[in-house]
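Undergrad: Handing over target_36.json, JSON, C-alpha atoms.
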```json
[["chain", "number", "residue", "atom", "x", "y", "z"],
["A", 23, "MET", "CA", 36.74, -21.14, 40.97],
["A", 24, "GLY", "CA", 33.78, -22.20, 38.82],
["A", 25, "GLN", "CA", 31.38, -20.25, 41.01],
["A", 26, "LEU", "CA", 33.56, -17.14, 40.70],
["A", 27, "LYS", "CA", 33.54, -17.38, 36.91],
["A", 28, "GLU", "CA", 29.77, -17.72, 36.92],
["A", 29, "LEU", "CA", 29.45, -14.58, 39.03],
["A", 30, "GLN", "CA", 31.84, -12.67, 36.78],
["A", 31, "SER", "CA", 29.81, -13.66, 33.71],
["A", 32, "PHE", "CA", 26.95, -11.48, 35.00],
["A", 33, "GLU", "CA", 29.13, -8.43, 34.42],
["A", 34, "LYS", "CA", 28.55, -8.71, 30.69],
["A", 35, "VAL", "CA", 25.29, -8.63, 28.75],
["A", 36, "THR", "CA", 25.45, -10.44, 25.41],
["A", 37, "ALA", "CA", 22.85, -9.76, 22.72],
["A", 38, "PRO", "CA", 21.60, -12.55, 20.43],
["A", 39, "PHE", "CA", 22.38, -10.46, 17.33],
["A", 40, "ALA", "CA", 24.49, -7.48, 16.27],
["A", 41, "GLY", "CA", 22.75, -4.12, 16.17],
["A", 42, "THR", "CA", 22.44, -0.62, 17.59],
["A", 43, "ILE", "CA", 21.18, 0.21, 21.07],
["A", 44, "THR", "CA", 18.19, 2.52, 20.54],
["A", 45, "ALA", "CA", 17.05, 2.81, 24.18],
["A", 46, "ARG", "CA", 18.53, 2.30, 27.66],
["A", 47, "TYR", "CA", 16.33, 1.51, 30.62],
["A", 48, "ILE", "CA", 18.96, 1.30, 33.41],
["A", 49, "ASP", "CA", 21.69, 3.51, 34.84],
["A", 50, "THR", "CA", 25.31, 2.58, 35.47],
["A", 51, "GLY", "CA", 25.61, 0.81, 38.81],
["A", 52, "ALA", "CA", 21.95, -0.16, 39.02],
["A", 53, "LEU", "CA", 21.21, -3.48, 40.71],
["A", 54, "ILE", "CA", 19.35, -5.99, 38.61],
["A", 55, "ALA", "CA", 17.81, -8.72, 40.73],
["A", 56, "SER", "CA", 18.20, -12.26, 39.45],
["A", 57, "GLY", "CA", 15.09, -13.79, 37.95],
["A", 58, "THR", "CA", 13.35, -10.51, 37.12],
["A", 59, "ASN", "CA", 12.10, -9.51, 33.67],
["A", 60, "THR", "CA", 13.67, -6.06, 33.72],
["A", 61, "ILE", "CA", 14.36, -4.64, 30.27],
["A", 62, "LEU", "CA", 17.94, -3.40, 30.09],
["A", 63, "PHE", "CA", 18.30, -2.15, 26.54],
["A", 64, "ARG", "CA", 16.41, -2.03, 23.28],
["A", 65, "LEU", "CA", 18.52, -3.30, 20.39],
["A", 66, "ALA", "CA", 17.72, -2.80, 16.69],
["A", 67, "ASP", "CA", 19.21, -4.49, 13.65],
["A", 68, "THR", "CA", 18.57, -1.95, 10.88],
["A", 69, "SER", "CA", 20.35, -3.77, 8.05],
["A", 70, "THR", "CA", 16.93, -5.19, 7.13],
["A", 71, "LEU", "CA", 13.74, -3.38, 8.10],
["A", 72, "ARG", "CA", 10.18, -4.55, 8.50],
["A", 73, "VAL", "CA", 7.79, -2.16, 6.77],
["A", 74, "TYR", "CA", 4.01, -2.28, 7.19],
["A", 75, "ALA", "CA", 1.65, -1.04, 4.48],
["A", 76, "ASN", "CA", -2.13, -1.03, 4.18],
["A", 77, "VAL", "CA", -3.11, -2.29, 0.72],
["A", 78, "PRO", "CA", -6.57, -1.30, -0.63],
["A", 79, "GLU", "CA", -9.07, -4.15, -0.78],
["A", 80, "ALA", "CA", -9.29, -3.85, -4.58],
["A", 81, "ASP", "CA", -5.62, -4.86, -4.90],
["A", 82, "SER", "CA", -5.47, -7.34, -2.02],
["A", 83, "LYS", "CA", -5.95, -10.39, -4.27],
["A", 84, "ASP", "CA", -2.65, -9.64, -6.01],
["A", 85, "ILE", "CA", -0.62, -9.36, -2.79],
["A", 86, "ALA", "CA", 1.32, -12.50, -1.86],
["A", 87, "PRO", "CA", 4.70, -13.39, -0.33],
["A", 88, "GLY", "CA", 7.47, -12.73, -2.83],
["A", 89, "VAL", "CA", 5.88, -9.71, -4.54],
["A", 90, "SER", "CA", 8.64, -7.14, -5.11],
["A", 91, "VAL", "CA", 8.30, -3.57, -3.86],
["A", 92, "ASP", "CA", 10.18, -0.26, -3.88],
["A", 93, "LEU", "CA", 10.27, 2.13, -0.94],
["A", 94, "GLU", "CA", 10.90, 5.88, -1.10],
["A", 95, "THR", "CA", 11.10, 8.31, 1.82],
["A", 96, "PRO", "CA", 11.14, 12.14, 1.88],
["A", 97, "GLU", "CA", 14.32, 12.09, 3.98],
["A", 98, "VAL", "CA", 16.24, 10.09, 1.34],
["A", 99, "HIS", "CA", 14.93, 11.83, -1.76],
["A", 100, "GLY", "CA", 15.62, 10.18, -5.11],
["A", 101, "ASP", "CA", 16.74, 6.79, -3.77],
["A", 102, "LYS", "CA", 14.63, 3.65, -3.94],
["A", 103, "PHE", "CA", 15.04, 0.72, -1.57],
["A", 104, "SER", "CA", 14.01, -2.68, -2.88],
["A", 105, "GLY", "CA", 12.30, -5.39, -0.87],
["A", 106, "GLN", "CA", 9.55, -7.95, -1.00],
["A", 107, "VAL", "CA", 6.34, -8.98, 0.72],
["A", 108, "VAL", "CA", 6.88, -11.63, 3.39],
["A", 109, "ARG", "CA", 3.37, -12.03, 4.85],
["A", 110, "THR", "CA", -0.07, -10.42, 5.17],
["A", 111, "ALA", "CA", -2.70, -10.26, 7.88],
["A", 112, "GLY", "CA", -4.83, -12.63, 5.82],
["A", 113, "ALA", "CA", -7.98, -10.57, 6.42],
["A", 114, "ILE", "CA", -9.41, -7.23, 5.32],
["A", 115, "ASP", "CA", -9.74, -4.62, 8.06],
["A", 116, "PRO", "CA", -13.50, -3.92, 8.34],
["A", 117, "VAL", "CA", -12.96, -0.21, 9.08],
["A", 118, "SER", "CA", -10.29, 0.86, 6.55],
["A", 119, "ARG", "CA", -11.07, -1.91, 4.00],
["A", 120, "THR", "CA", -7.35, -2.56, 3.61],
["A", 121, "LEU", "CA", -5.01, -5.53, 3.96],
["A", 122, "LEU", "CA", -2.13, -5.11, 6.42],
["A", 123, "THR", "CA", 1.05, -6.27, 4.65],
["A", 124, "GLU", "CA", 4.54, -6.85, 6.03],
["A", 125, "ILE", "CA", 7.51, -6.07, 3.78],
["A", 126, "ARG", "CA", 11.22, -6.69, 4.26],
["A", 127, "ILE", "CA", 13.43, -3.88, 2.97],
["A", 128, "ARG", "CA", 17.20, -4.23, 2.56],
["A", 129, "ASN", "CA", 19.06, -1.34, 4.22],
["A", 130, "PRO", "CA", 22.79, -2.18, 3.86],
["A", 131, "LYS", "CA", 23.98, 1.44, 4.13],
["A", 132, "LEU", "CA", 21.66, 2.14, 7.09],
["A", 133, "ALA", "CA", 20.16, 5.09, 5.22],
["A", 134, "LEU", "CA", 16.67, 4.23, 6.49],
["A", 135, "VAL", "CA", 15.76, 4.92, 10.10],
["A", 136, "PRO", "CA", 13.21, 2.82, 12.01],
["A", 137, "GLY", "CA", 9.95, 4.64, 12.65],
["A", 138, "GLU", "CA", 9.91, 6.96, 9.62],
["A", 139, "PHE", "CA", 7.18, 7.03, 6.99],
["A", 140, "GLY", "CA", 7.60, 6.31, 3.30],
["A", 141, "GLU", "CA", 5.79, 5.50, 0.07],
["A", 142, "VAL", "CA", 5.66, 1.88, -1.10],
["A", 143, "THR", "CA", 5.24, 0.84, -4.73],
["A", 144, "PHE", "CA", 4.09, -2.74, -5.32],
["A", 145, "HIS", "CA", 5.08, -4.42, -8.60],
["A", 146, "LEU", "CA", 1.90, -6.41, -9.18],
["A", 147, "HIS", "CA", 0.77, -8.73, -11.93],
["A", 148, "ASN", "CA", -2.91, -7.80, -11.97],
["A", 149, "SER", "CA", -5.24, -10.77, -11.97],
["A", 150, "LYS", "CA", -8.10, -8.59, -13.29],
["A", 151, "THR", "CA", -8.57, -6.30, -16.28],
["A", 152, "THR", "CA", -9.00, -2.62, -15.48],
["A", 153, "LEU", "CA", -9.77, 0.35, -17.68],
["A", 154, "ILE", "CA", -8.84, 4.04, -17.36],
["A", 155, "ILE", "CA", -11.40, 6.70, -18.33],
["A", 156, "PRO", "CA", -11.43, 10.52, -18.03],
["A", 157, "ALA", "CA", -12.75, 11.73, -14.69],
["A", 158, "SER", "CA", -15.09, 14.07, -16.58],
["A", 159, "THR", "CA", -17.13, 11.08, -17.83],
["A", 160, "VAL", "CA", -18.25, 9.95, -14.37],
["A", 161, "LEU", "CA", -21.72, 10.77, -13.01],
["A", 162, "PHE", "CA", -22.19, 10.79, -9.23],
["A", 163, "ARG", "CA", -25.81, 10.01, -8.50],
["A", 164, "ALA", "CA", -27.94, 8.53, -5.75],
["A", 165, "GLN", "CA", -27.73, 5.18, -7.55],
["A", 166, "GLY", "CA", -23.94, 5.28, -7.29],
["A", 167, "THR", "CA", -21.17, 6.08, -9.75],
["A", 168, "GLN", "CA", -22.31, 5.85, -13.38],
["A", 169, "VAL", "CA", -21.22, 6.64, -16.92],
["A", 170, "ALA", "CA", -23.26, 7.36, -20.03],
["A", 171, "LEU", "CA", -22.58, 4.99, -22.93],
["A", 172, "VAL", "CA", -23.53, 5.41, -26.59],
["A", 173, "GLN", "CA", -25.04, 2.25, -28.07],
["A", 174, "ASN", "CA", -24.90, 1.22, -31.73],
["A", 175, "ASN", "CA", -28.34, 2.71, -32.44],
["A", 176, "GLY", "CA", -27.29, 6.11, -31.09],
["A", 177, "SER", "CA", -29.20, 5.82, -27.83],
["A", 178, "VAL", "CA", -27.79, 6.44, -24.36],
["A", 179, "HIS", "CA", -27.37, 3.72, -21.78],
["A", 180, "ILE", "CA", -26.60, 4.70, -18.17],
["A", 181, "GLN", "CA", -24.15, 2.14, -16.78],
["A", 182, "ASN", "CA", -23.19, 1.61, -13.14],
["A", 183, "VAL", "CA", -19.43, 1.31, -12.67],
["A", 184, "GLY", "CA", -17.09, 0.40, -9.85],
["A", 185, "LEU", "CA", -14.15, 2.78, -9.49],
["A", 186, "GLY", "CA", -10.64, 2.05, -8.29],
["A", 187, "ARG", "CA", -7.75, 4.47, -8.06],
["A", 188, "ASP", "CA", -8.22, 8.18, -8.66],
["A", 189, "PHE", "CA", -5.44, 9.68, -10.81],
["A", 190, "GLY", "CA", -6.84, 13.21, -10.84],
["A", 191, "ASN", "CA", -7.80, 13.76, -14.48],
["A", 192, "SER", "CA", -8.59, 10.07, -14.93],
["A", 193, "VAL", "CA", -9.95, 7.21, -12.84],
["A", 194, "GLU", "CA", -9.60, 3.45, -12.83],
["A", 195, "VAL", "CA", -12.72, 1.39, -13.57],
["A", 196, "LEU", "CA", -12.80, -2.02, -11.91],
["A", 197, "SER", "CA", -16.21, -3.18, -13.12],
["A", 198, "GLY", "CA", -19.08, -2.18, -15.40],
["A", 199, "LEU", "CA", -17.16, -1.43, -18.60],
["A", 200, "THR", "CA", -15.54, -3.47, -21.32],
["A", 201, "PRO", "CA", -12.91, -2.46, -23.90],
["A", 202, "GLY", "CA", -14.63, -0.85, -26.87],
["A", 203, "ASP", "CA", -17.47, 0.84, -24.95],
["A", 204, "SER", "CA", -18.16, 4.41, -26.12],
["A", 205, "VAL", "CA", -18.28, 6.68, -23.08],
["A", 206, "ILE", "CA", -19.75, 10.20, -23.24],
["A", 207, "GLU", "CA", -17.42, 12.90, -21.96],
["A", 208, "ASN", "CA", -18.88, 15.73, -19.85],
["A", 209, "PRO", "CA", -22.43, 14.32, -19.86],
["A", 210, "SER", "CA", -25.24, 16.53, -18.63],
["A", 211, "ASP", "CA", -26.57, 15.78, -15.15],
["A", 212, "SER", "CA", -30.02, 15.49, -16.70],
["A", 213, "ILE", "CA", -29.02, 12.83, -19.25],
["A", 214, "ILE", "CA", -31.31, 9.81, -19.13],
["A", 215, "ASP", "CA", -31.34, 6.24, -20.33],
["A", 216, "GLY", "CA", -32.64, 5.91, -23.91],
["A", 217, "ALA", "CA", -31.93, 9.49, -25.01],
["A", 218, "LEU", "CA", -30.77, 9.84, -28.61],
["A", 219, "VAL", "CA", -27.41, 11.48, -29.26],
["A", 220, "SER", "CA", -25.30, 12.32, -32.28],
["A", 221, "VAL", "CA", -21.70, 11.21, -32.14],
["A", 222, "GLN", "CA", -19.22, 13.89, -33.22],
["A", 223, "GLN", "CA", -15.82, 12.84, -34.46],
["A", 224, "PRO", "CA", -12.82, 14.74, -33.07],
["A", 225, "ARG", "CA", -11.44, 17.44, -35.34],
["A", 226, "GLY", "CA", -8.83, 16.24, -37.78],
["A", 227, "GLN", "CA", -10.33, 12.76, -38.10]]
```
Represent the supplied structure as structure tokens.
TA:
Amino acid sequence: MGQLKELQSFEKVTAPFAGTITARYIDTGALIASGTNTILFRLADTSTLRVYANVPEADSKDIAPGVSVDLETPEVHGDKFSGQVVRTAGAIDPVSRTLLTEIRIRNPKLALVPGEFGEVTFHLHNSKTTLIIPASTVLFRAQGTQVALVQNNGSVHIQNVGLGRDFGNSVEVLSGLTPGDSVIENPSDSIIDGALVSVQQPRGQ
């Protein structure tokens, strides 16, 4: 009797967790030999999804387990799905200069579908001070990205800067500037270090 029950138990396949079958690899009536590693089904639990995002190197220092995020997808327009960072690759990819980050997103209504793309917003507490300047102030030269500063004596100083995110009409400066620096807008390509300029106050001031 015990042997019969053991044989009958092979009629049922029990999954280790509840989910949805997303792929079937066998047909009804197919013989599965004992001891083989044949995949029968692919089961997915979509109540919580693992999302992978590549974080730029400039922001990688602020990424750590527990950082909260929001996810938006084109298919579910207007809704945000909250989650948090659970782990990172721990190393910067040498090709893309990004940090692979794993995020867990709650999906209680199963509105998100595995495999789709979305946009992730990280809620970071920046460990560094950054400045935003107009894009029209940046000079792109052989020496790198630069800006022209006006010093107290009215002379020009060409300063190398490190840029971060590009916002279109403005850019983020990660290094090279300090709050209070006077940056020249729309500088001439021929502007040189030490040139004398006259500062004009905006109209109405």
Undergrad: Give me the residues within 12 Å of Ile85 (chain A) as a PyMOL selection string, counting all atoms listed in the file and dropping any in the same chain fewer than 2 places off.
TA: chain A and resi 75-83+87-91+106-113+120-125+143-149
Undergrad: List as a list of chain:residue names: which residues have an atom within 9 Å of (-24.3, 12.4, -20.0), counting all atoms listed in the file?
TA: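 Applying the cut-off with all atoms listed in the file, one gets A:Thr159, A:Val160, A:Leu161, A:Val169, A:Ala170, A:Leu171, A:Val178, A:Ile180, A:Val205, A:Ile206, A:Glu207, A:Asn208, A:Pro209, A:Ser210, A:Asp211, A:Ser212, A:Ile213, A:Ile214.
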Undergrad: Neighbours of region 61-65 of chain A within 10 Å (all atoms listed in the file; same-chain residues fewer than 3 positions away dropped), as a PDB file with C-alpha atoms, in the coordinates of the input?
TA:
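Written out: part_16.pdb:
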```
ATOM      1  CA  VAL A  35      25.290  -8.630  28.750  1.00  0.00           C
ATOM      2  CA  ALA A  37      22.850  -9.760  22.720  1.00  0.00           C
ATOM      3  CA  PRO A  38      21.600 -12.550  20.430  1.00  0.00           C
ATOM      4  CA  PHE A  39      22.380 -10.460  17.330  1.00  0.00           C
ATOM      5  CA  ALA A  40      24.490  -7.480  16.270  1.00  0.00           C
ATOM      6  CA  GLY A  41      22.750  -4.120  16.170  1.00  0.00           C
ATOM      7  CA  THR A  42      22.440  -0.620  17.590  1.00  0.00           C
ATOM      8  CA  ILE A  43      21.180   0.210  21.070  1.00  0.00           C
ATOM      9  CA  THR A  44      18.190   2.520  20.540  1.00  0.00           C
ATOM     10  CA  ALA A  45      17.050   2.810  24.180  1.00  0.00           C
ATOM     11  CA  ARG A  46      18.530   2.300  27.660  1.00  0.00           C
ATOM     12  CA  TYR A  47      16.330   1.510  30.620  1.00  0.00           C
ATOM     13  CA  ILE A  48      18.960   1.300  33.410  1.00  0.00           C
ATOM     14  CA  ASP A  49      21.690   3.510  34.840  1.00  0.00           C
ATOM     15  CA  ILE A  54      19.350  -5.990  38.610  1.00  0.00           C
ATOM     16  CA  THR A  58      13.350 -10.510  37.120  1.00  0.00           C
ATOM     17  CA  THR A  68      18.570  -1.950  10.880  1.00  0.00           C
TER      18      THR A  68
END
```
Undergrad: Rounded to one decimal place, report the CA of Thr70 (chain A)-CA of Gly100 (chain A) distance in Å.
TA: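 Result for CA of Thr70 (chain A) versus CA of Gly100 (chain A): 19.7 Å, one decimal.
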Undergrad: Work out how far apart CA of Pro201 (chain A) and CA of Ala164 (chain A) are and give it in Å to one decimal.
TA: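 If I compute the distance from CA of Pro201 (chain A) to CA of Ala164 (chain A), I get 26.0 Å.
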Undergrad: Hey, which of A:Gly51, A:Tyr74, A:Glu141, A:Ala133 ends up closest to Glu94 (chain A)? Count all atoms listed in the file.
TA: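 Smallest distance to Glu94 (chain A) is found for A:Glu141.
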Undergrad: May I have the residues within 8 Å of Leu196 (chain A) as an mmCIF file with C-alpha atoms, keeping the file's coordinate frame, using only C-alpha atoms and disregarding those fewer than 5 positions away in the same chain?
TA:
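Writing the result to selection_36.cif gives the following:
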```cif
data_model
loop_
_atom_site.group_PDB
_atom_site.id
_atom_site.type_symbol
_atom_site.label_atom_id
_atom_site.label_comp_id
_atom_site.auth_asym_id
_atom_site.auth_seq_id
_atom_site.Cartn_x
_atom_site.Cartn_y
_atom_site.Cartn_z
ATOM 1 C CA THR A 151 -8.570 -6.300 -16.280
ATOM 2 C CA THR A 152 -9.000 -2.620 -15.480
ATOM 3 C CA LEU A 153 -9.770 0.350 -17.680
ATOM 4 C CA VAL A 183 -19.430 1.310 -12.670
ATOM 5 C CA GLY A 184 -17.090 0.400 -9.850
ATOM 6 C CA LEU A 185 -14.150 2.780 -9.490
ATOM 7 C CA GLY A 186 -10.640 2.050 -8.290
#
```
Undergrad: How far is it from CA of Ser197 (chain A) to CA of Ser158 (chain A), in Å with one decimal?
TA: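 CA of Ser158 (chain A) lies 17.6 Å from CA of Ser197 (chain A).
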